[in-house]
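Next up, upload-v2.txt (compact mmCIF, C-alpha atoms):
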```
# COMPACT_ATOMS: atom_id res chain seq x y z
CA MET A 1 51.56 155.35 79.66
CA LYS A 2 55.17 156.30 80.26
CA LYS A 3 54.91 155.14 83.89
CA SER A 4 53.36 151.78 82.91
CA PHE A 5 56.08 151.27 80.24
CA LEU A 6 58.80 151.94 82.84
CA LEU A 7 57.06 149.61 85.30
CA TYR A 8 56.87 146.82 82.66
CA ALA A 9 60.50 147.41 81.68
CA PHE A 10 61.59 147.31 85.32
CA ILE A 11 59.64 144.07 85.96
CA LEU A 12 61.09 142.57 82.76
CA LEU A 13 64.64 143.49 83.81
CA VAL A 14 64.11 142.03 87.28
CA LEU A 15 62.79 138.77 85.76
CA ILE A 16 65.73 138.59 83.32
CA ASN A 17 68.17 139.09 86.22
CA VAL A 18 66.43 136.41 88.33
CA PHE A 19 66.46 133.90 85.47
CA THR A 20 70.08 134.74 84.59
CA TYR A 21 71.19 134.34 88.22
CA SER A 22 69.28 131.07 88.52
CA PHE A 23 70.74 129.72 85.26
CA LEU A 24 74.32 130.69 86.10
CA SER A 25 74.19 129.35 89.67
CA ASN A 26 72.81 126.01 88.41
CA GLU A 27 75.44 125.93 85.69
CA VAL A 28 78.20 126.40 88.29
CA LYS A 29 76.76 123.55 90.40
CA PHE A 30 76.51 121.35 87.30
CA GLU A 31 80.13 122.10 86.30
CA GLN A 32 81.34 121.42 89.86
CA ASN A 33 79.55 118.05 89.91
CA ARG A 34 80.94 117.18 86.50
CA TYR A 35 84.45 118.18 87.62
CA GLU A 36 84.17 116.05 90.78
CA LYS A 37 82.90 113.02 88.82
CA THR A 38 85.64 113.39 86.21
CA THR A 39 88.30 113.81 88.91
CA LYS A 40 87.08 110.72 90.74
CA ARG A 41 87.02 108.70 87.52
CA LEU A 42 90.55 109.85 86.63
CA ARG A 43 91.83 109.00 90.13
CA ASP A 44 90.26 105.55 89.86
CA SER A 45 91.82 105.08 86.42
CA LEU A 46 95.21 106.24 87.69
CA ASN A 47 95.01 103.87 90.65
CA SER A 48 94.02 101.03 88.33
CA VAL A 49 96.89 101.73 85.93
CA THR A 50 99.34 102.05 88.84
CA THR A 51 98.18 98.68 90.19
CA GLN A 52 98.53 97.08 86.75
CA LEU A 53 102.02 98.55 86.35
CA ASN A 54 103.06 97.28 89.77
CA ASP A 55 101.70 93.83 88.90
CA ALA A 56 103.50 93.87 85.55
CA ASN A 57 106.77 94.90 87.19
CA TYR A 58 106.52 92.38 90.01
CA PHE A 59 108.99 90.14 88.21
CA SER A 60 111.72 92.66 87.52
CA LEU A 61 115.08 93.39 89.03
CA GLU A 62 114.03 97.00 89.68
CA HIS A 63 111.34 95.84 92.13
CA ASN A 64 112.86 92.67 93.59
CA GLU A 65 114.76 93.52 96.76
CA ASN A 66 116.04 89.97 97.25
CA ALA A 67 117.61 89.96 93.79
CA GLN A 68 119.06 93.43 94.35
CA ASN A 69 120.60 92.27 97.62
CA TYR A 70 122.43 89.52 95.72
CA PHE A 71 124.65 92.19 94.17
CA ASP A 72 125.19 93.96 97.49
CA SER A 73 125.79 90.82 99.51
CA ALA A 74 129.10 90.37 101.27
CA LEU A 75 128.82 86.64 100.53
CA ALA A 76 128.58 87.20 96.79
CA ASN A 77 131.78 89.31 96.75
CA LYS A 78 130.02 91.65 94.34
CA THR A 79 128.93 95.20 94.76
CA ILE A 80 127.17 96.26 91.58
CA ALA A 81 124.45 98.85 91.37
CA TYR A 82 121.51 97.08 89.76
CA GLU A 83 120.40 100.39 88.18
CA LYS A 84 123.63 100.35 86.14
CA LEU A 85 123.59 96.59 85.60
CA ILE A 86 120.25 96.41 83.78
CA PRO A 87 121.24 98.65 80.85
CA ILE A 88 124.67 97.00 80.63
CA VAL A 89 123.18 93.49 80.49
CA THR A 90 120.61 94.62 77.93
CA GLU A 91 123.25 96.31 75.79
CA LYS A 92 125.61 93.31 75.91
CA LEU A 93 122.80 90.97 74.85
CA MET A 94 121.68 93.29 72.05
CA ASP A 95 125.27 93.59 70.79
CA PHE A 96 125.01 89.95 69.65
CA ASN A 97 122.36 91.05 67.10
CA ALA A 98 125.26 92.21 64.89
CA ASN A 99 126.36 88.59 64.42
CA SER A 100 126.02 87.60 60.75
CA LYS A 101 124.10 84.41 61.64
CA GLY A 102 121.82 86.24 64.09
CA ASN A 103 121.84 86.51 67.85
CA PRO A 104 123.05 83.15 69.22
CA TYR A 105 121.04 83.69 72.41
CA THR A 106 117.69 83.38 70.66
CA GLY A 107 118.20 79.62 70.80
CA GLN A 108 117.24 79.40 67.11
CA ASP A 109 119.26 78.87 63.95
CA GLN A 110 118.48 81.04 60.95
CA ILE A 111 115.42 79.60 59.15
CA GLY A 112 114.85 81.86 56.14
CA GLU A 113 116.91 84.59 54.55
CA ASN A 114 116.63 86.82 57.64
CA LYS A 115 118.52 86.24 60.87
CA PHE A 116 116.90 86.14 64.32
CA VAL A 117 117.58 89.23 66.43
CA ILE A 118 116.45 90.15 69.91
CA ASN A 119 114.00 93.05 69.98
CA LYS A 120 113.06 93.50 73.62
CA VAL A 121 114.70 92.45 76.88
CA LYS A 122 113.44 92.32 80.47
CA VAL A 123 115.80 91.51 83.32
CA LEU A 124 113.65 89.48 85.72
CA ASN A 125 116.06 89.08 88.64
CA HIS A 126 119.74 88.54 89.43
CA ARG A 127 119.86 85.44 87.24
CA TRP A 128 117.14 85.40 84.54
CA ILE A 129 116.22 87.42 81.48
CA ILE A 130 113.23 87.07 79.17
CA ALA A 131 113.59 88.39 75.63
CA ASP A 132 111.47 88.74 72.51
CA TYR A 133 113.07 87.99 69.13
CA SER A 134 112.11 87.75 65.48
CA ASP A 135 113.40 87.53 61.95
CA GLY A 136 110.72 89.87 60.64
CA LYS A 137 108.29 87.03 59.86
CA ILE A 138 108.59 84.57 62.75
CA TRP A 139 108.45 85.67 66.38
CA GLY A 140 109.58 83.95 69.54
CA GLU A 141 110.65 84.35 73.13
CA VAL A 142 113.65 83.07 75.03
CA LEU A 143 114.44 82.61 78.71
CA LEU A 144 118.12 83.20 79.48
CA LYS A 145 120.43 82.86 82.44
CA TYR A 146 123.03 85.56 82.83
CA PHE A 147 126.11 85.68 84.98
CA VAL A 148 128.27 88.59 86.06
CA ASN A 149 131.78 87.13 86.05
CA GLU A 150 134.64 88.07 88.39
CA ASP A 151 136.17 90.33 85.73
CA GLU A 152 132.73 92.03 85.44
CA THR A 153 132.05 90.59 82.00
CA ILE A 154 128.61 89.15 81.40
CA SER A 155 127.90 85.70 80.03
CA PHE A 156 124.58 84.26 78.89
CA GLU A 157 123.06 80.81 78.66
CA VAL A 158 119.82 79.80 76.90
CA ILE A 159 117.39 78.03 79.23
CA GLN A 160 114.40 77.67 76.91
CA SER A 161 113.38 79.14 73.57
CA LEU A 162 110.12 78.97 71.67
CA LEU A 163 108.80 80.08 68.30
CA TYR A 164 105.23 81.13 67.69
CA ALA A 165 103.31 79.62 64.79
CA LYS A 166 102.90 81.89 61.78
```

What would the structure in this file look like if it were written as structure tokens?
Amino acid sequence: MKKSFLLYAFILLVLINVFTYSFLSNEVKFEQNRYEKTTKRLRDSLNSVTTQLNDANYFSLEHNENAQNYFDSALANKTIAYEKLIPIVTEKLMDFNANSKGNPYTGQDQIGENKFVINKVKVLNHRWIIADYSDGKIWGEVLLKYFVNEDETISFEVIQSLLYAK
């Protein structure tokens, strides 16, 4: 009886080990497949987002070599690093938000009790800027020309402005 009990116990232990080994090896394969699928999906998502970002930044001074060369050109008599120019232009334009009647470069006169101020600015190239503005209730966009003058001051000119319907 003792020998048959030991034999049954031994067979039971062997079966438990076989099933445990089989389960764990399949679990490892399953986890590896899941990891590979997740990694592939994340790479695809990253590539998609990178492509979308590159498309969104196509019209920007940071990615437009021709516009950058304008500031390095010997013909233009200007040598300005565009990396430094973008924040300066943005800051100068935003400084006009302090005007009591609102930012004059929104192309809009004050309509209600709030003044129009520029919220967001994107420098498109060596000549144009697009900006978003609002008075808290009404929103709009404006296309501006900017110029870097000989004394390195910056001047702006409204090309077109539009307000969105409420």

- Note on the structure: Shortest contact to Val158 in chain A, candidates A:Tyr82, A:Tyr133, A:Tyr21, A:Tyr105, atoms counted all atoms listed in the file, goes to A:Tyr105

- Two-atom distance - CA of Asp132 in chain A, CA of Val49 in chain A (Å): 23.7 Å

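Checking A:Tyr35, A:Phe96, A:Phe10, A:Trp128 one by one against Leu61 in chain A, counting only C-alpha atoms, you find the shortest gap at A:Trp128.
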
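A straight line drawn from CA of Glu83 in chain A to CA of Ser45 in chain A is 29.0 Å long.
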
- Message: As an exercise, work out the distance from CA of Gly102 in chain A to CA of Gly136 in chain A in Å and give it to one decimal place.
- Response: 12.2 Å
